[in-house]
>>> print(open('coords24.cif').read())   # mmCIF, C-alpha atoms
data_start
loop_
_atom_site.label_atom_id
_atom_site.label_comp_id
_atom_site.auth_asym_id
_atom_site.auth_seq_id
_atom_site.Cartn_x
_atom_site.Cartn_y
_atom_site.Cartn_z
CA MET H 1 56.66 52.40 -57.97
CA GLU H 2 55.71 56.02 -57.34
CA LEU H 3 52.56 57.32 -55.69
CA PRO H 4 51.59 59.90 -58.38
CA SER H 5 51.73 57.38 -61.24
CA PHE H 6 49.90 54.85 -59.07
CA ILE H 7 47.06 57.31 -58.45
CA LYS H 8 46.88 58.13 -62.17
CA GLY H 9 46.59 54.45 -63.02
CA PHE H 10 44.12 53.87 -60.20
CA GLU H 11 41.86 56.61 -61.56
CA GLU H 12 42.01 55.13 -65.05
CA ALA H 13 41.30 51.63 -63.75
CA ILE H 14 38.18 52.59 -61.85
CA GLU H 15 37.08 55.14 -64.48
CA ARG H 16 37.35 58.13 -62.16
CA PRO H 17 38.09 61.62 -63.54
CA ALA H 18 41.84 62.29 -63.68
CA GLY H 19 43.36 64.47 -60.97
CA THR H 20 40.46 64.18 -58.53
CA THR H 21 42.01 61.73 -56.07
CA ASP H 22 44.12 62.50 -53.02
CA ALA H 23 46.22 59.70 -51.57
CA ASP H 24 44.48 59.94 -48.21
CA LEU H 25 40.98 59.92 -49.64
CA PRO H 26 38.94 57.22 -47.86
CA LEU H 27 37.79 54.51 -50.26
CA ASP H 28 34.26 54.69 -48.89
CA GLN H 29 34.07 58.29 -50.12
CA ILE H 30 34.88 57.30 -53.69
CA GLY H 31 31.63 56.87 -55.60
CA GLU H 32 33.26 54.71 -58.27
CA TRP H 33 34.68 52.26 -55.71
CA ASP H 34 32.37 49.24 -55.96
CA SER H 35 32.73 45.51 -56.62
CA VAL H 36 33.33 46.10 -60.34
CA SER H 37 36.07 48.62 -59.56
CA VAL H 38 37.74 46.31 -57.07
CA VAL H 39 38.10 43.69 -59.81
CA ALA H 40 39.46 46.39 -62.15
CA PHE H 41 41.96 47.43 -59.46
CA ILE H 42 43.20 43.84 -59.01
CA ALA H 43 43.81 43.68 -62.78
CA PHE H 44 45.57 47.08 -62.76
CA ALA H 45 47.89 46.11 -59.89
CA ASP H 46 48.74 42.80 -61.55
CA LEU H 47 49.38 44.15 -65.04
CA THR H 48 51.19 47.34 -64.01
CA TYR H 49 53.22 46.21 -61.00
CA ASN H 50 53.06 42.41 -61.21
CA ALA H 51 51.41 42.69 -57.80
CA ALA H 52 49.12 39.81 -56.84
CA VAL H 53 46.69 41.69 -54.60
CA SER H 54 44.04 39.53 -52.99
CA ALA H 55 40.45 40.32 -52.05
CA ASP H 56 41.46 40.00 -48.38
CA ASP H 57 44.28 42.53 -48.90
CA ILE H 58 41.83 45.07 -50.30
CA GLU H 59 39.35 44.57 -47.50
CA LYS H 60 42.02 45.78 -45.05
CA CYS H 61 42.56 49.02 -46.98
CA ALA H 62 40.80 52.22 -45.91
CA THR H 63 42.43 54.81 -48.22
CA VAL H 64 44.02 55.06 -51.65
CA ARG H 65 47.42 55.22 -49.93
CA ASP H 66 46.67 51.88 -48.25
CA LEU H 67 46.03 50.39 -51.71
CA PHE H 68 49.36 51.82 -52.89
CA GLU H 69 51.24 50.35 -49.94
CA THR H 70 49.54 46.98 -50.45
CA ALA H 71 50.39 46.92 -54.15
CA ARG H 72 53.98 47.89 -53.36
CA ARG H 73 54.24 45.10 -50.80
CA ARG H 74 52.82 42.54 -53.24
CA ALA H 75 54.80 43.69 -56.28
CA GLY H 76 56.91 40.89 -57.72
CA MET U 77 36.30 -12.20 -75.04
CA LEU U 78 33.83 -10.61 -72.65
CA GLU U 79 30.30 -10.51 -73.94
CA ASN U 80 30.03 -6.77 -73.65
CA SER U 81 33.37 -5.85 -75.18
CA ARG U 82 32.98 -3.90 -78.39
CA CYS U 83 34.64 -4.90 -81.61
CA ASP U 84 35.01 -1.30 -82.73
CA VAL U 85 37.36 -0.34 -79.91
CA PRO U 86 40.81 -0.10 -81.50
CA PRO U 87 43.17 -2.74 -80.16
CA THR U 88 46.24 -0.51 -80.26
CA ILE U 89 47.09 2.89 -78.81
CA SER U 90 45.23 5.58 -80.72
CA THR U 91 45.21 9.33 -80.86
CA SER U 92 42.10 11.12 -79.61
CA VAL U 93 40.64 13.83 -81.83
CA ILE U 94 37.67 16.15 -81.74
CA SER U 95 35.69 15.07 -84.78
CA GLY U 96 32.41 16.95 -84.33
CA LEU U 97 30.78 19.64 -82.20
CA SER U 98 27.39 21.31 -81.83
CA TYR U 99 25.86 23.55 -79.21
CA TYR U 100 22.41 24.49 -78.06
CA LEU U 101 21.13 27.64 -76.35
CA PRO U 102 17.68 27.94 -74.76
CA SER U 103 15.29 30.03 -76.84
CA ARG U 104 14.64 32.65 -74.16
CA GLU U 105 17.14 35.50 -74.44
CA VAL U 106 17.40 38.13 -71.70
CA SER U 107 18.68 41.44 -73.10
CA LEU U 108 20.28 44.35 -71.25
CA ALA U 109 17.10 46.36 -71.79
CA GLU U 110 14.98 43.68 -70.12
CA LEU U 111 17.40 43.41 -67.20
CA SER U 112 17.44 47.19 -66.85
CA ARG U 113 13.64 47.34 -66.72
CA GLU U 114 13.57 44.69 -64.00
CA GLN U 115 16.52 46.10 -62.02
CA PRO U 116 16.43 49.90 -62.57
CA ASP U 117 19.06 50.46 -59.84
CA TRP U 118 21.68 48.46 -61.76
CA ASP U 119 23.96 50.35 -64.15
CA VAL U 120 23.69 47.56 -66.71
CA GLN U 121 25.48 49.51 -69.46
CA ARG U 122 28.55 50.00 -67.26
CA ILE U 123 28.51 46.35 -66.23
CA ALA U 124 28.11 45.21 -69.85
CA ALA U 125 31.04 47.43 -70.89
CA LYS U 126 33.18 45.42 -68.48
CA THR U 127 31.73 41.93 -68.99
CA GLY U 128 31.26 42.21 -72.76
CA ILE U 129 27.91 40.46 -72.30
CA SER U 130 24.87 42.16 -73.80
CA SER U 131 22.42 39.28 -73.50
CA ARG U 132 22.23 35.72 -72.27
CA HIS U 133 20.03 32.69 -72.82
CA ILE U 134 18.02 31.33 -69.91
CA ALA U 135 16.48 27.87 -69.63
CA ALA U 136 12.72 27.61 -69.25
CA GLU U 137 11.29 26.73 -65.81
CA THR U 138 10.80 23.13 -66.89
CA GLU U 139 14.02 22.81 -68.91
CA THR U 140 16.89 20.99 -67.19
CA ALA U 141 20.57 20.61 -67.95
CA GLY U 142 19.74 17.10 -69.16
CA ASP U 143 17.26 18.58 -71.61
CA LEU U 144 19.85 21.07 -72.89
CA ALA U 145 22.43 18.31 -73.28
CA VAL U 146 19.99 16.14 -75.23
CA ALA U 147 19.11 19.11 -77.47
CA ALA U 148 22.81 19.76 -78.18
CA ALA U 149 23.39 16.08 -78.93
CA GLU U 150 20.35 15.82 -81.22
CA LYS U 151 21.54 18.91 -83.07
CA PHE U 152 24.87 17.17 -83.54
CA PHE U 153 23.28 13.91 -84.71
CA SER U 154 21.13 15.81 -87.22
CA THR U 155 24.36 16.58 -89.09
CA ARG U 156 26.14 13.30 -88.28
CA PRO U 157 23.38 10.66 -88.05
CA GLY U 158 25.87 7.83 -88.43
CA ALA U 159 27.70 8.81 -85.24
CA ARG U 160 24.87 7.80 -82.89
CA ALA U 161 25.42 4.06 -83.21
CA SER U 162 29.17 4.25 -82.73
CA ILE U 163 29.21 6.02 -79.36
CA ASP U 164 30.43 3.72 -76.61
CA TYR U 165 30.83 6.24 -73.77
CA VAL U 166 28.91 9.35 -72.77
CA ILE U 167 30.30 11.89 -70.29
CA LEU U 168 28.03 14.63 -68.98
CA CYS U 169 29.73 17.53 -67.25
CA THR U 170 27.23 19.49 -65.17
CA GLN U 171 26.75 21.05 -61.74
CA SER U 172 23.00 21.31 -62.17
CA PRO U 173 22.09 17.65 -62.77
CA ASP U 174 18.53 16.41 -63.24
CA TYR U 175 18.84 14.17 -60.15
CA PHE U 176 21.13 13.41 -57.22
CA LEU U 177 20.75 9.91 -58.59
CA PRO U 178 20.58 8.25 -61.02
CA THR U 179 23.46 9.58 -63.05
CA THR U 180 21.93 12.03 -65.52
CA ALA U 181 24.23 10.63 -68.23
CA CYS U 182 22.48 7.25 -67.84
CA THR U 183 19.11 8.83 -68.56
CA ILE U 184 20.66 10.61 -71.54
CA GLN U 185 21.97 7.30 -72.94
CA HIS U 186 18.38 6.14 -73.08
CA ARG U 187 16.91 9.42 -74.34
CA LEU U 188 19.43 9.59 -77.19
CA GLY U 189 18.97 5.95 -78.11
CA LEU U 190 22.65 5.18 -77.60
CA SER U 191 23.84 1.60 -77.34
CA THR U 192 23.09 -0.13 -74.04
CA ARG U 193 26.73 -1.26 -74.17
CA CYS U 194 27.70 2.36 -73.65
CA GLY U 195 29.47 3.63 -70.52
CA ALA U 196 28.00 6.73 -68.86
CA ILE U 197 29.18 9.08 -66.11
CA ASP U 198 28.40 12.52 -64.77
CA VAL U 199 31.31 14.78 -63.96
CA ASN U 200 30.66 17.51 -61.41
CA GLN U 201 32.98 20.21 -62.63
CA GLY U 202 32.44 23.80 -63.70
CA CYS U 203 34.44 26.15 -65.87
CA SER U 204 37.38 23.75 -66.20
CA GLY U 205 34.96 20.91 -67.06
CA PHE U 206 35.40 20.83 -70.82
CA VAL U 207 39.16 20.36 -70.61
CA VAL U 208 38.71 17.86 -67.77
CA GLY U 209 36.21 16.00 -69.99
CA LEU U 210 38.65 15.97 -72.91
CA GLY U 211 41.26 14.47 -70.58
CA LEU U 212 38.85 11.73 -69.44
CA ALA U 213 37.81 11.00 -73.03
CA LYS U 214 41.44 10.79 -74.08
CA GLY U 215 42.14 8.37 -71.24
CA LEU U 216 39.21 6.15 -72.21
CA ILE U 217 40.21 6.11 -75.87
CA GLU U 218 43.95 5.72 -75.53
CA THR U 219 43.67 2.86 -73.06
CA GLY U 220 41.32 1.03 -75.44
CA GLN U 221 38.23 1.35 -73.19
CA ALA U 222 36.25 3.32 -75.77
CA GLY U 223 36.51 4.34 -79.38
CA SER U 224 33.92 7.09 -79.61
CA VAL U 225 33.13 9.35 -76.64
CA LEU U 226 30.29 11.86 -76.55
CA LEU U 227 31.27 14.68 -74.19
CA LEU U 228 28.26 16.73 -73.13
CA THR U 229 28.59 19.96 -71.17
CA ALA U 230 25.37 21.50 -69.88
CA GLU U 231 24.43 24.01 -67.20
CA THR U 232 21.39 25.83 -65.91
CA TYR U 233 23.17 28.08 -63.39
CA SER U 234 20.24 30.50 -63.81
CA LYS U 235 18.23 28.22 -61.51
CA TYR U 236 20.79 28.82 -58.73
CA ILE U 237 21.02 32.58 -59.19
CA HIS U 238 19.09 34.98 -56.96
CA PRO U 239 17.26 37.51 -59.16
CA ASP U 240 18.78 40.41 -57.18
CA ASP U 241 22.38 39.17 -57.40
CA ARG U 242 24.00 41.64 -59.78
CA SER U 243 27.40 39.96 -59.85
CA THR U 244 26.20 36.59 -61.13
CA ARG U 245 23.04 37.47 -63.00
CA THR U 246 24.84 39.80 -65.40
CA ILE U 247 27.40 37.14 -66.33
CA PHE U 248 26.00 33.62 -66.44
CA GLY U 249 23.86 32.17 -69.21
CA ASP U 250 22.50 28.66 -69.74
CA GLY U 251 23.60 26.41 -72.57
CA ALA U 252 25.00 23.05 -73.63
CA ALA U 253 27.46 21.57 -76.09
CA ALA U 254 27.98 18.12 -77.58
CA THR U 255 31.51 17.18 -78.61
CA LEU U 256 32.48 13.92 -80.27
CA ILE U 257 35.94 12.61 -79.44
CA GLU U 258 37.08 9.66 -81.53
CA ALA U 259 40.06 7.38 -81.92
CA VAL U 260 42.24 7.71 -84.99
CA GLY U 261 45.44 5.95 -85.88
CA GLY U 262 48.29 6.40 -83.43
CA GLY U 263 50.69 9.22 -84.25
CA ALA U 264 48.07 11.52 -85.77
CA PRO U 265 47.79 14.97 -84.22
CA GLY U 266 44.99 15.44 -81.71
CA ILE U 267 44.41 16.08 -78.02
CA ALA U 268 47.72 16.37 -76.13
CA VAL U 269 48.18 15.49 -72.45
CA PRO U 270 46.26 18.04 -70.36
CA ALA U 271 47.55 19.78 -67.24
CA TYR U 272 45.37 20.14 -64.14
CA ALA U 273 45.46 22.21 -60.95
CA THR U 274 43.18 22.41 -57.93
CA ASP U 275 43.02 24.72 -54.91
CA GLY U 276 40.10 23.67 -52.75
CA SER U 277 40.95 26.37 -50.20
CA GLY U 278 38.99 28.69 -52.50
CA ALA U 279 35.87 26.50 -52.59
CA ALA U 280 33.76 29.16 -50.85
CA ASP U 281 34.57 31.74 -53.53
CA LEU U 282 32.19 30.09 -56.02
CA ILE U 283 29.63 27.97 -54.26
CA VAL U 284 26.02 26.88 -53.89
CA GLU U 285 26.18 26.05 -50.21
CA GLY U 286 22.64 24.84 -49.64
CA GLY U 287 20.62 22.02 -51.12
CA ALA U 288 22.80 18.99 -50.45
CA PHE U 289 23.83 17.07 -47.37
CA ARG U 290 26.21 19.62 -45.82
CA GLU U 291 23.10 21.71 -45.26
CA ARG U 292 21.51 18.91 -43.24
CA ALA U 293 24.63 18.60 -41.10
CA ILE U 294 24.71 22.36 -40.47
CA VAL U 295 21.04 22.55 -39.52
CA GLN U 296 21.25 19.47 -37.27
CA ALA U 297 24.16 21.14 -35.47
CA GLY U 298 21.91 24.15 -34.78
CA GLY U 299 23.20 26.35 -37.59
CA THR U 300 21.26 28.40 -40.11
CA ALA U 301 20.43 26.69 -43.38
CA PRO U 302 22.92 27.92 -45.99
CA SER U 303 21.75 29.76 -49.10
CA PRO U 304 20.46 27.73 -52.05
CA HIS U 305 21.76 30.46 -54.38
CA LEU U 306 25.01 30.78 -56.26
CA HIS U 307 27.58 32.89 -54.40
CA MET U 308 30.57 34.32 -56.24
CA ASN U 309 33.41 36.33 -54.75
CA GLY U 310 34.37 38.02 -58.01
CA GLN U 311 37.49 39.66 -56.60
CA ALA U 312 38.86 36.38 -55.28
CA VAL U 313 38.08 34.59 -58.55
CA MET U 314 39.89 37.34 -60.50
CA ALA U 315 42.94 37.07 -58.26
CA PHE U 316 42.92 33.26 -58.60
CA THR U 317 42.62 33.49 -62.38
CA LEU U 318 45.53 35.91 -62.79
CA ARG U 319 47.66 33.79 -60.46
CA GLU U 320 46.86 30.31 -61.78
CA VAL U 321 45.92 30.48 -65.46
CA PRO U 322 49.34 31.58 -66.79
CA ARG U 323 50.86 28.67 -64.81
CA ILE U 324 48.44 26.05 -66.13
CA VAL U 325 48.89 27.33 -69.69
CA GLU U 326 52.66 26.97 -69.34
CA ALA U 327 52.21 23.47 -67.92
CA ALA U 328 50.00 22.42 -70.85
CA LEU U 329 52.43 23.85 -73.40
CA SER U 330 55.24 21.95 -71.70
CA ARG U 331 53.28 18.68 -71.72
CA ALA U 332 52.68 19.12 -75.45
CA ASN U 333 56.37 19.93 -76.05
CA THR U 334 55.43 23.20 -77.66
CA GLY U 335 55.64 26.93 -76.97
CA SER U 336 53.26 29.86 -76.88
CA ALA U 337 54.53 31.15 -80.24
CA GLU U 338 53.43 27.89 -81.91
CA ILE U 339 49.78 28.31 -80.87
CA ASP U 340 47.46 29.56 -83.63
CA LEU U 341 44.53 30.36 -81.34
CA PHE U 342 44.11 30.54 -77.57
CA VAL U 343 40.56 29.60 -76.58
CA MET U 344 40.15 30.23 -72.88
CA HIS U 345 37.04 29.75 -70.77
CA GLN U 346 34.91 32.70 -71.85
CA ALA U 347 34.30 34.01 -68.32
CA ASN U 348 33.82 37.68 -69.16
CA ALA U 349 35.50 40.08 -71.56
CA PHE U 350 37.41 42.08 -68.94
CA MET U 351 38.92 39.03 -67.28
CA LEU U 352 39.86 37.57 -70.67
CA GLU U 353 41.47 40.80 -71.83
CA THR U 354 43.45 41.12 -68.59
CA LEU U 355 44.68 37.55 -68.99
CA ARG U 356 45.63 38.20 -72.61
CA LYS U 357 47.72 41.21 -71.64
CA LYS U 358 49.35 39.34 -68.75
CA MET U 359 50.31 36.45 -71.04
CA ALA U 360 51.40 38.84 -73.85
CA ILE U 361 49.27 37.17 -76.52
CA GLU U 362 48.35 39.13 -79.64
CA PRO U 363 44.58 39.81 -80.03
CA GLU U 364 44.49 37.96 -83.36
CA ARG U 365 45.56 34.73 -81.63
CA TYR U 366 43.04 35.06 -78.79
CA TRP U 367 39.29 34.36 -78.76
CA ASN U 368 37.16 36.76 -76.73
CA ASP U 369 33.49 36.76 -77.68
CA ILE U 370 30.50 36.00 -75.46
CA ALA U 371 28.44 39.09 -76.28
CA SER U 372 25.14 37.35 -76.89
CA ILE U 373 25.76 34.13 -74.96
CA GLY U 374 27.23 34.95 -71.57
CA ASN U 375 29.29 32.67 -69.37
CA THR U 376 27.86 29.18 -69.92
CA VAL U 377 30.39 27.57 -67.53
CA SER U 378 31.73 24.30 -69.01
CA SER U 379 30.21 25.03 -72.43
CA THR U 380 32.03 28.30 -73.17
CA ILE U 381 35.06 26.61 -74.71
CA PRO U 382 33.19 24.24 -77.07
CA ILE U 383 30.82 27.05 -78.08
CA ALA U 384 33.83 29.28 -78.82
CA LEU U 385 35.49 26.44 -80.77
CA ARG U 386 32.41 26.00 -82.91
CA GLN U 387 32.14 29.75 -83.53
CA ALA U 388 35.83 29.93 -84.42
CA VAL U 389 35.48 27.01 -86.86
CA ASP U 390 32.46 28.67 -88.48
CA ALA U 391 34.39 31.97 -88.69
CA GLY U 392 37.31 30.23 -90.42
CA ARG U 393 39.65 30.90 -87.49
CA ILE U 394 40.22 27.18 -86.88
CA ARG U 395 41.15 24.82 -89.71
CA ALA U 396 42.64 21.34 -89.97
CA GLY U 397 46.11 21.54 -88.49
CA SER U 398 45.43 24.62 -86.33
CA LYS U 399 47.22 24.34 -83.01
CA LEU U 400 44.99 25.48 -80.14
CA LEU U 401 45.49 26.09 -76.45
CA LEU U 402 42.33 25.51 -74.42
CA ALA U 403 42.16 26.53 -70.75
CA GLY U 404 39.29 26.32 -68.27
CA PHE U 405 39.33 27.84 -64.79
CA GLY U 406 36.93 28.64 -61.99
CA VAL U 407 34.76 26.79 -59.49
CA GLY U 408 36.67 24.42 -57.21
CA LEU U 409 38.80 26.40 -57.48
CA SER U 410 40.27 24.46 -60.36
CA SER U 411 41.98 24.93 -63.67
CA ALA U 412 42.90 22.74 -66.62
CA ALA U 413 44.58 23.37 -69.95
CA VAL U 414 45.44 21.35 -73.02
CA VAL U 415 46.95 21.76 -76.47
CA VAL U 416 44.78 20.44 -79.29
CA GLU U 417 45.88 20.10 -82.89
CA TRP U 418 42.69 20.40 -84.91
CA SER U 419 42.04 17.21 -86.79
CA PRO U 420 41.19 16.89 -90.48
CA ALA U 421 38.66 14.32 -89.21
CA PHE U 422 36.50 17.18 -87.86
CA THR U 423 33.25 17.47 -89.77
CA ALA U 424 31.26 20.66 -89.33
#
>>> encode(input="coords24.cif", output="structure tokens")
Amino acid sequence: MELPSFIKGFEEAIERPAGTTDADLPLDQIGEWDSVSVVAFIAFADLTYNAAVSADDIEKCATVRDLFETARRRAG
Amino acid sequence: MLENSRCDVPPTISTSVISGLSYYLPSREVSLAELSREQPDWDVQRIAAKTGISSRHIAAETETAGDLAVAAAEKFFSTRPGARASIDYVILCTQSPDYFLPTTACTIQHRLGLSTRCGAIDVNQGCSGFVVGLGLAKGLIETGQAGSVLLLTAETYSKYIHPDDRSTRTIFGDGAAATLIEAVGGGAPGIAVPAYATDGSGAADLIVEGGAFRERAIVQAGGTAPSPHLHMNGQAVMAFTLREVPRIVEAALSRANTGSAEIDLFVMHQANAFMLETLRKKMAIEPERYWNDIASIGNTVSSTIPIALRQAVDAGRIRAGSKLLLAGFGVGLSSAAVVVEWSPAFTA
């Protein structure tokens, strides 16, 4: 599980333009990051990494890198 | 012999089959355009692209779940008038009943003119309710308690939904279905043994907290009265679904001594298109063996599966002998799945 491919998939999942996301970008500065996108992210993490990420997990994340670390921790 | 025992209940172990099915949707249809006019801040096109829902039917102010159930049943009897007299048990699955008491199913027995020797219960279950109802009907039939069970599923979730709640209002629609489950000779294909799962730790993820007696207890203890509106934690429900549904599907396949490759059509609870598509990919099911269509109906809770079954029959996707996997999941949190071999006794 590599960070660049994670970010690419993350951008696709939340329908954000490709190549516009830095790993340390705060989630609250991402316009596309809303309740619909959170659901899309849970699906992405599950299908791509077999990572069962919970709503509570995501609430503790502040940046894209935090999401990556969480998905890596939860990957089966 | 007891006075109220019925001579038409088979004396030996039977198979339970779905022999008829109709559904009813309220006449009022709320389109994306109408929702957009009322809620200009919502990006309804983006939401619809995810949910796959472009419109939904909403019950009238004075129209209850009992009314919808009766309408679905009358629609069914209009095509099968002879079935009315044979029904000896009616099950109503709803979470928006007409009354706390009496049992809404009892009032429906009278409204439909069913036999007074008919059993009647309400089942408070949501998106897993149709499969749960099939399991109850199977139990009644195969233990000789009933020969002909009318399973009604009906919801008016719209009455619980706050008009400004984007997450629920764009998904749920009102509707009802009437399904006849009958006994046929033992050994015939039909409804297999269902599998069930429950995780009440997620109860708060889909809940109407106010309106019943927990509210009184909270207020008497000095707390704030809980909301009378439907609350859904969509992220938690998604995580639950991806975790539990593949397991319950496997359990149902195992109980039916069959495998995924033997299933002709998977008919899951039609929650929303994105969730269904994610589940399909996770379970590696080909699109042609998977039903995903609620565009003009929305999520009608316990009625999505029977509505989908009826649509699939009408579209020629289900025929006598088709092997189906049905799975419901959601409020509770709960899930249930069952294999059904479509009976030649089914009359459209």
>>> residues_around(input="coords24.cif", residues="region 187-199 of chain U", least_positions_apart="2", cutoff="9 Å", atoms="only C-alpha atoms", output="PyMOL selection string")
chain U and resi 80-82+146+149-150+160-171+173+179-185+201+205+208-209+222
>>> interface_residues(input="coords24.cif", of="chain H", to="chain U", cutoff="6 Å", atoms="only C-alpha atoms", output="list of chain:residue names")
H:Val39, H:Ser54, H:Ala55
>>> closest_residue(input="coords24.cif", among="H:Thr70, H:Gln29, H:Thr20, H:Thr63", to="Ile42 (chain H)", atoms="all atoms listed in the file")
H:Thr70
>>> atom_distance(input="coords24.cif", atom1="CA of Phe289 (chain U)", atom2="CA of Lys235 (chain U)")
18.9 Å
>>> residues_around(input="coords24.cif", residues="Gly404 (chain U)", least_positions_apart="6", cutoff="10 Å", atoms="all atoms listed in the file", output="number ranges by chain")
U: 202-208, 272, 317, 321, 324-325, 343-347, 377-378, 380-381, 410-414
